[in-house]
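A short write-up of the structure that comes next.
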Amino acid sequence: MTTIAFIGLGNMGNPMAANLVKAGHTVNGFDLMPENLVVAKEHGVVVMANAVAAVKDADVVITMLPAGKHVLSVHEDIAPKAKKGALFIDSSTIDVESARKAHAIAARHGLLSVDAPVSGGTGGATAGTLTFMAGGSKDAFAKAEPILKPMAGRIVHCGDDGAGQAAKICNNMILGISMIGVAEAFVLAEKLGLSHQALFDVASTSSGQCWSLTTYCPVPGPVPTSPANNGYRPGFAAALMLKDLKLSQEAAQGAGAVTPLGAEAAQLYALFNAQGNAGADFSGIINFLRGAPA
Ligand SMILES: NC(=O)c1ccc[n+]([C@@H]2O[C@H](COP(=O)([O-])OP(=O)(O)OC[C@H]3O[C@@H](n4cnc5c(N)ncnc54)[C@H](O)[C@@H]3O)[C@@H](O)[C@H]2O)c1
C-alpha cells in the first residue's frame, strides 16, 4: 500500500481521501480549515501540521484545491520537499495554462505529474465513482491510474500535460448550460401548472434527459441526491461553477472558439453570485430564474 499526501480536504477532497483510506492506503492530509481536518480525522486521515509535513514521506501527492493560484503556490512550496520519485496528481479544476505550469514545477524537481480533474460531484466523490480526466505522459498516467481507482468509476487518459483540464473545462461548460436549461424548464412548468414530478417523469425518460435533471434536479423531490432537498447547500458551489465558466470563456477566446451559450451561462452565474449566492449550490440558480432569493 502507498503513502499518499492529500492537500485540500474540502467538499470533494474529504470524501476522496476517505476512499483512499478505505482502500488501505496511508493518507497524510492537510487543509487550511480546521473544521475540515476534524472531518478528515474521522475518516482515518492522518492530519498533518502543514502541506510540507504531509508530503515529506509520501509516494503520491494529490491536490484538490479551489483554483490555479492555490495549486501553483502549493506546488512551489511542496515540490522541493517531496520524496524523490514521488508522483503529483492535481485533481482541482483549473485553467490549462496553470496546469501546464504545475507540471513544469514538478518536472523541475524530477517528479512525474498528472492533471486529473474530476466530474461526478460530492455524491461521486463519496461513492468512489468519479470520472477522472487525465493529462500527462504515458508513464505518469500508468503510475496514477491504480491510485485513482478507489475514487473512480471511469478514468480517461485525455492526452499530454493539461489535456485533463481542457476536457474538464469543456464538460463543465455543458453542465452550466444544461443546469440553466433544466431550471428554465421547471420554472416554465410551474407557470403552466405542470407538477415537478410530472415534468421529471417525462423528461428523465425522454430526449430532455441529462445529468442536471436525473442526478441533480434543481427542484426538491424527484432526485434524492440533489442539493435542492437540502436548502441548496453545496454540493458544487455557485462560485466554483462561475469559476469554471470563466475558464471556458477565457479558453474559448484564446482558441477562437464560438461559445455563445457558454458566455450567456457565465453571465447568468455572475449575476447569481453577485446577489449573494456564491456559497449556495449552483442548482439554486432556479430561484434566480423565478426572481426569488435562493
Ligand atoms: N464540489 C464539486 O462538486 C466539484 C466537482 C468537481 C470538481 N470540483 C473542483 O474541485 C476543486 C475543489 O472543490 P471543492 O468543492 O472540494 O472546494 P472546497 O472549497 O470545498 O475545498 C477546497 C479546499 O482547499 C483548501 N485550501 C485552499 N488553499 C489551501 C492551501 N494552500 N493549503 C491547504 N488547503 C487549502 C480550502 O480550505 C478548502 O477546504 C475545485 O477546483 C472545484 O472546482 C468540485
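Just remember, in the C-alpha cells the first chain shown is A, the second B, etc., residues are 1-based per chain, and ligands are 1-based in the order shown.
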Counting only C-alpha atoms and all ligand atoms, which residues in chain A sit no more than 7 Å from ligand 1? For each one, give the nearest pair of atoms and the distance in Å, sorted by chain then residue number, as JSON lines.
```
{"residue": "A:Ile7", "atom": "CA", "partner": "ligand 1", "partner_atom_place_in_ligand_line": "33 (C)", "distance": 5.3}
{"residue": "A:Gly8", "atom": "CA", "partner": "ligand 1", "partner_atom_place_in_ligand_line": "24 (O)", "distance": 3.9}
{"residue": "A:Leu9", "atom": "CA", "partner": "ligand 1", "partner_atom_place_in_ligand_line": "39 (O)", "distance": 5.0}
{"residue": "A:Gly10", "atom": "CA", "partner": "ligand 1", "partner_atom_place_in_ligand_line": "21 (O)", "distance": 3.3}
{"residue": "A:Asn11", "atom": "CA", "partner": "ligand 1", "partner_atom_place_in_ligand_line": "20 (O)", "distance": 3.8}
{"residue": "A:Met12", "atom": "CA", "partner": "ligand 1", "partner_atom_place_in_ligand_line": "16 (O)", "distance": 3.7}
{"residue": "A:Gly13", "atom": "CA", "partner": "ligand 1", "partner_atom_place_in_ligand_line": "16 (O)", "distance": 5.3}
{"residue": "A:Phe30", "atom": "CA", "partner": "ligand 1", "partner_atom_place_in_ligand_line": "33 (C)", "distance": 5.7}
{"residue": "A:Asp31", "atom": "CA", "partner": "ligand 1", "partner_atom_place_in_ligand_line": "34 (N)", "distance": 3.6}
{"residue": "A:Leu32", "atom": "CA", "partner": "ligand 1", "partner_atom_place_in_ligand_line": "37 (O)", "distance": 4.5}
{"residue": "A:Met33", "atom": "CA", "partner": "ligand 1", "partner_atom_place_in_ligand_line": "37 (O)", "distance": 4.7}
{"residue": "A:Asn36", "atom": "CA", "partner": "ligand 1", "partner_atom_place_in_ligand_line": "39 (O)", "distance": 6.2}
{"residue": "A:Ala51", "atom": "CA", "partner": "ligand 1", "partner_atom_place_in_ligand_line": "32 (N)", "distance": 6.4}
{"residue": "A:Met64", "atom": "CA", "partner": "ligand 1", "partner_atom_place_in_ligand_line": "12 (C)", "distance": 5.1}
{"residue": "A:Leu65", "atom": "CA", "partner": "ligand 1", "partner_atom_place_in_ligand_line": "24 (O)", "distance": 4.2}
{"residue": "A:Pro66", "atom": "CA", "partner": "ligand 1", "partner_atom_place_in_ligand_line": "41 (O)", "distance": 4.0}
{"residue": "A:Ala67", "atom": "CA", "partner": "ligand 1", "partner_atom_place_in_ligand_line": "41 (O)", "distance": 5.3}
{"residue": "A:His70", "atom": "CA", "partner": "ligand 1", "partner_atom_place_in_ligand_line": "28 (N)", "distance": 5.5}
{"residue": "A:Val74", "atom": "CA", "partner": "ligand 1", "partner_atom_place_in_ligand_line": "31 (N)", "distance": 5.6}
{"residue": "A:Ser91", "atom": "CA", "partner": "ligand 1", "partner_atom_place_in_ligand_line": "10 (O)", "distance": 6.6}
{"residue": "A:Ser92", "atom": "CA", "partner": "ligand 1", "partner_atom_place_in_ligand_line": "41 (O)", "distance": 3.8}
{"residue": "A:Thr93", "atom": "CA", "partner": "ligand 1", "partner_atom_place_in_ligand_line": "41 (O)", "distance": 3.8}
{"residue": "A:Ile94", "atom": "CA", "partner": "ligand 1", "partner_atom_place_in_ligand_line": "41 (O)", "distance": 6.1}
{"residue": "A:Pro117", "atom": "CA", "partner": "ligand 1", "partner_atom_place_in_ligand_line": "7 (C)", "distance": 6.5}
{"residue": "A:Val118", "atom": "CA", "partner": "ligand 1", "partner_atom_place_in_ligand_line": "6 (C)", "distance": 5.1}
{"residue": "A:Ser119", "atom": "CA", "partner": "ligand 1", "partner_atom_place_in_ligand_line": "6 (C)", "distance": 4.8}
{"residue": "A:Gly120", "atom": "CA", "partner": "ligand 1", "partner_atom_place_in_ligand_line": "5 (C)", "distance": 6.1}
{"residue": "A:Gly121", "atom": "CA", "partner": "ligand 1", "partner_atom_place_in_ligand_line": "3 (O)", "distance": 3.5}
{"residue": "A:Thr122", "atom": "CA", "partner": "ligand 1", "partner_atom_place_in_ligand_line": "3 (O)", "distance": 4.9}
{"residue": "A:Gly235", "atom": "CA", "partner": "ligand 1", "partner_atom_place_in_ligand_line": "3 (O)", "distance": 5.1}
{"residue": "A:Phe236", "atom": "CA", "partner": "ligand 1", "partner_atom_place_in_ligand_line": "3 (O)", "distance": 3.8}
{"residue": "A:Ala237", "atom": "CA", "partner": "ligand 1", "partner_atom_place_in_ligand_line": "1 (N)", "distance": 6.5}
{"residue": "A:Leu240", "atom": "CA", "partner": "ligand 1", "partner_atom_place_in_ligand_line": "43 (O)", "distance": 5.0}
{"residue": "A:Asp244", "atom": "CA", "partner": "ligand 1", "partner_atom_place_in_ligand_line": "43 (O)", "distance": 6.7}
```
Store the residues picked out above, limited to C-alpha atoms, as a compact mmCIF listing (two decimals), in the first residue's frame.
```
# COMPACT_ATOMS: atom_id res chain seq x y z
CA ILE A 7 -3.78 18.62 0.26
CA GLY A 8 -7.22 20.27 0.17
CA LEU A 9 -9.82 18.38 2.20
CA GLY A 10 -12.97 20.33 1.29
CA ASN A 11 -16.32 19.16 -0.09
CA MET A 12 -14.57 16.91 -2.62
CA GLY A 13 -11.18 16.22 -1.05
CA PHE A 30 -3.69 18.91 5.25
CA ASP A 31 -6.23 21.72 4.77
CA LEU A 32 -6.23 25.36 5.87
CA MET A 33 -9.66 24.98 7.53
CA ASN A 36 -12.20 20.08 7.51
CA ALA A 51 1.45 20.77 3.46
CA MET A 64 -7.76 19.20 -4.51
CA LEU A 65 -7.76 22.99 -4.24
CA PRO A 66 -10.06 25.81 -5.39
CA ALA A 67 -8.16 27.43 -8.30
CA HIS A 70 -3.72 27.87 -4.99
CA VAL A 74 1.17 24.88 -3.02
CA SER A 91 -7.49 16.94 -9.25
CA SER A 92 -8.60 20.58 -8.82
CA THR A 93 -10.38 22.27 -11.73
CA ILE A 94 -8.01 24.95 -13.03
CA PRO A 117 -9.72 16.83 -12.63
CA VAL A 118 -12.97 15.05 -11.85
CA SER A 119 -16.64 15.02 -12.64
CA GLY A 120 -19.41 13.48 -10.54
CA GLY A 121 -19.82 15.91 -7.66
CA THR A 122 -19.73 15.19 -3.94
CA GLY A 235 -22.67 20.20 -3.39
CA PHE A 236 -20.97 22.28 -6.00
CA ALA A 237 -20.93 25.94 -5.03
CA LEU A 240 -17.00 27.28 -8.42
CA ASP A 244 -15.31 27.07 -14.41
```
Using only C-alpha atoms, which residues of stretch 108-215 of chain A come within 12 Å of stretch 267-279 of chain A, and what is the closest atom pair for each, with the distance in Å to one decimal? Give it as a Markdown table, sorted by chain and residue number.
```
| residue | atom | partner | partner_atom | distance |
| --- | --- | --- | --- | --- |
| A:Met173 | CA | A:Tyr269 | CA | 11.8 |
| A:Gly176 | CA | A:Tyr269 | CA | 8.5 |
| A:Ile177 | CA | A:Leu268 | CA | 9.9 |
| A:Met179 | CA | A:Tyr269 | CA | 10.8 |
| A:Ile180 | CA | A:Leu268 | CA | 8.6 |
| A:Gly181 | CA | A:Leu268 | CA | 11.7 |
```
message: I'd like the contact shell of A:Gly128 - 7 Å cut-off, only C-alpha atoms, skipping same-chain residues fewer than 3 positions apart - returned as a list of chain:residue names.
response: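 Listed by chain and then number, they are A:Asn19, A:Gly124, A:Ala125, A:Pro150, A:Met151, A:Ala152, A:Gly153.
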Selection file, N, CA and C atoms, as a short mmCIF file (atom, residue, chain, number, x, y, z; two decimals), in the first residue's frame:
```cif
data_model
loop_
_atom_site.label_atom_id
_atom_site.label_comp_id
_atom_site.auth_asym_id
_atom_site.auth_seq_id
_atom_site.Cartn_x
_atom_site.Cartn_y
_atom_site.Cartn_z
N ASN A 19 -11.99 7.46 0.67
CA ASN A 19 -11.96 6.24 -0.17
C ASN A 19 -10.55 5.69 -0.32
N GLY A 124 -20.47 11.53 -6.22
CA GLY A 124 -19.50 10.64 -6.87
C GLY A 124 -18.23 10.49 -6.04
N ALA A 125 -17.85 11.59 -5.36
CA ALA A 125 -16.64 11.53 -4.51
C ALA A 125 -16.87 10.56 -3.35
N PRO A 150 -9.65 3.61 -6.54
CA PRO A 150 -10.65 3.55 -5.46
C PRO A 150 -11.58 4.76 -5.40
N MET A 151 -11.23 5.82 -6.15
CA MET A 151 -12.07 7.03 -6.14
C MET A 151 -12.89 7.14 -7.43
N ALA A 152 -12.70 6.18 -8.34
CA ALA A 152 -13.17 6.39 -9.71
C ALA A 152 -14.21 5.38 -10.19
N GLY A 153 -15.13 5.87 -11.05
CA GLY A 153 -15.96 4.98 -11.85
C GLY A 153 -15.33 4.82 -13.23
#
```
message: Taking the DSSP secondary structure from the backbone, can you list the residues of stretch 103-191 of chain A that are alpha helix (DSSP H), as a PyMOL selection string?
response: chain A and resi 103-108+121-127+138-148+163-191
task: Write out as a PyMOL selection string which residues come within 10 Å of A:Ile286 when counting only C-alpha atoms, dropping same-chain ones fewer than 3 positions away.
output: chain A and resi 179-187+218-219+228+272+282-283+289-294
Store the residues picked out above, limited to N, CA, C and O atoms, as a tab-separated table (two decimals), in the first residue's frame.
```
chain	number	residue	atom	x	y	z
A	179	MET	N	-27.71	22.96	-16.71
A	179	MET	CA	-28.42	23.26	-15.46
A	179	MET	C	-29.38	24.42	-15.66
A	179	MET	O	-30.54	24.39	-15.19
A	180	ILE	N	-28.93	25.45	-16.37
A	180	ILE	CA	-29.82	26.59	-16.63
A	180	ILE	C	-31.00	26.12	-17.49
A	180	ILE	O	-32.16	26.48	-17.23
A	181	GLY	N	-30.75	25.28	-18.48
A	181	GLY	CA	-31.82	24.78	-19.34
A	181	GLY	C	-32.86	24.00	-18.54
A	181	GLY	O	-34.07	24.20	-18.71
A	182	VAL	N	-32.39	23.11	-17.65
A	182	VAL	CA	-33.33	22.31	-16.84
A	182	VAL	C	-34.10	23.22	-15.89
A	182	VAL	O	-35.33	23.10	-15.74
A	183	ALA	N	-33.41	24.18	-15.27
A	183	ALA	CA	-34.07	25.10	-14.34
A	183	ALA	C	-35.13	25.92	-15.07
A	183	ALA	O	-36.25	26.09	-14.57
A	184	GLU	N	-34.81	26.40	-16.25
A	184	GLU	CA	-35.80	27.18	-17.03
A	184	GLU	C	-37.04	26.32	-17.33
A	184	GLU	O	-38.16	26.80	-17.27
A	185	ALA	N	-36.82	25.04	-17.65
A	185	ALA	CA	-37.96	24.16	-17.97
A	185	ALA	C	-38.86	23.98	-16.75
A	185	ALA	O	-40.10	23.99	-16.88
A	186	PHE	N	-38.26	23.85	-15.54
A	186	PHE	CA	-39.10	23.70	-14.34
A	186	PHE	C	-39.85	24.99	-14.02
A	186	PHE	O	-41.00	24.95	-13.58
A	187	VAL	N	-39.21	26.15	-14.24
A	187	VAL	CA	-39.90	27.43	-14.00
A	187	VAL	C	-41.08	27.56	-14.97
A	187	VAL	O	-42.19	27.95	-14.57
A	218	PRO	N	-32.93	20.47	-10.15
A	218	PRO	CA	-32.89	21.71	-9.36
A	218	PRO	C	-34.13	22.01	-8.52
A	218	PRO	O	-34.19	23.08	-7.90
A	219	VAL	N	-35.12	21.09	-8.50
A	219	VAL	CA	-36.26	21.28	-7.58
A	219	VAL	C	-36.26	20.15	-6.56
A	219	VAL	O	-35.81	19.05	-6.85
A	228	ALA	N	-31.14	20.44	-3.89
A	228	ALA	CA	-32.45	21.11	-3.77
A	228	ALA	C	-33.21	20.57	-2.55
A	228	ALA	O	-34.04	21.28	-1.97
A	272	PHE	N	-26.07	35.61	-10.48
A	272	PHE	CA	-26.50	34.78	-9.34
A	272	PHE	C	-25.51	34.93	-8.17
A	272	PHE	O	-25.90	35.11	-7.02
A	282	PHE	N	-24.96	25.38	-7.09
A	282	PHE	CA	-25.21	26.01	-8.40
A	282	PHE	C	-26.60	25.69	-8.94
A	282	PHE	O	-27.12	26.43	-9.77
A	283	SER	N	-27.23	24.60	-8.44
A	283	SER	CA	-28.59	24.28	-8.90
A	283	SER	C	-29.60	25.32	-8.38
A	283	SER	O	-30.71	25.43	-8.92
A	289	LEU	N	-33.96	32.44	-11.48
A	289	LEU	CA	-34.81	32.49	-12.67
A	289	LEU	C	-36.28	32.72	-12.30
A	289	LEU	O	-37.04	33.26	-13.09
A	290	ARG	N	-36.65	32.32	-11.08
A	290	ARG	CA	-38.01	32.60	-10.60
A	290	ARG	C	-38.14	34.04	-10.13
A	290	ARG	O	-39.23	34.50	-9.80
A	291	GLY	N	-36.97	34.71	-9.98
A	291	GLY	CA	-36.99	36.08	-9.46
A	291	GLY	C	-37.07	36.11	-7.95
A	291	GLY	O	-37.38	37.15	-7.35
A	292	ALA	N	-36.77	34.97	-7.30
A	292	ALA	CA	-36.84	34.90	-5.83
A	292	ALA	C	-35.44	34.68	-5.27
A	292	ALA	O	-34.55	34.21	-5.99
A	293	PRO	N	-35.19	35.00	-3.97
A	293	PRO	CA	-33.87	34.70	-3.41
A	293	PRO	C	-33.64	33.20	-3.32
A	293	PRO	O	-34.60	32.44	-3.19
A	294	ALA	N	-32.35	32.74	-3.42
A	294	ALA	CA	-32.03	31.31	-3.37
A	294	ALA	C	-32.26	30.76	-1.98
A	294	ALA	O	-32.20	31.50	-1.01
```
Neighbour list for A:Ala106 as a ChimeraX atom specification, cut-off 8 Å, only C-alpha atoms, skip fewer than 4 positions in-chain: /A:75,79,88,102,110-113
- prompt: Which residues come within 12 Å of A:Gly159, counting only C-alpha atoms, excluding same-chain residues fewer than 6 positions away, as a PyMOL selection string?
  reply: chain A and resi 114-116+133-138+140-141+165-167
Can those selected residues be exported to a file as a tab-separated table (two decimals), in the first residue's frame so that it contains N, CA and C atoms?
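This is the output file out_34.tsv:
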```tsv
chain	number	residue	atom	x	y	z
A	114	VAL	N	0.49	14.43	-13.13
A	114	VAL	CA	-0.72	14.23	-13.92
A	114	VAL	C	-1.73	15.30	-13.52
A	115	ASP	N	-2.36	15.98	-14.49
A	115	ASP	CA	-3.54	16.78	-14.14
A	115	ASP	C	-4.72	15.84	-14.29
A	116	ALA	N	-5.53	15.72	-13.22
A	116	ALA	CA	-6.61	14.72	-13.24
A	116	ALA	C	-7.87	15.27	-12.58
A	133	MET	N	-10.41	12.77	-15.65
A	133	MET	CA	-9.90	13.06	-16.99
A	133	MET	C	-8.45	13.50	-16.83
A	134	ALA	N	-7.55	12.68	-17.35
A	134	ALA	CA	-6.13	12.85	-17.01
A	134	ALA	C	-5.31	13.37	-18.17
A	135	GLY	N	-4.36	14.24	-17.83
A	135	GLY	CA	-3.39	14.72	-18.80
A	135	GLY	C	-1.98	14.49	-18.28
A	136	GLY	N	-1.09	14.04	-19.15
A	136	GLY	CA	0.28	13.80	-18.72
A	136	GLY	C	0.90	12.69	-19.57
A	137	SER	N	2.16	12.40	-19.30
A	137	SER	CA	2.86	11.38	-20.08
A	137	SER	C	2.27	9.99	-19.81
A	138	LYS	N	2.57	9.05	-20.72
A	138	LYS	CA	2.07	7.67	-20.53
A	138	LYS	C	2.59	7.09	-19.22
A	140	ALA	N	3.53	8.68	-16.44
A	140	ALA	CA	2.88	9.30	-15.28
A	140	ALA	C	1.47	8.74	-15.13
A	141	PHE	N	0.75	8.61	-16.26
A	141	PHE	CA	-0.63	8.10	-16.21
A	141	PHE	C	-0.65	6.66	-15.69
A	165	GLN	N	-7.45	19.02	-17.96
A	165	GLN	CA	-8.14	20.28	-17.64
A	165	GLN	C	-8.94	20.78	-18.83
A	166	ALA	N	-8.39	20.58	-20.04
A	166	ALA	CA	-9.14	21.00	-21.23
A	166	ALA	C	-10.47	20.25	-21.30
A	167	ALA	N	-10.43	18.93	-21.03
A	167	ALA	CA	-11.65	18.12	-21.06
A	167	ALA	C	-12.63	18.58	-19.98
```
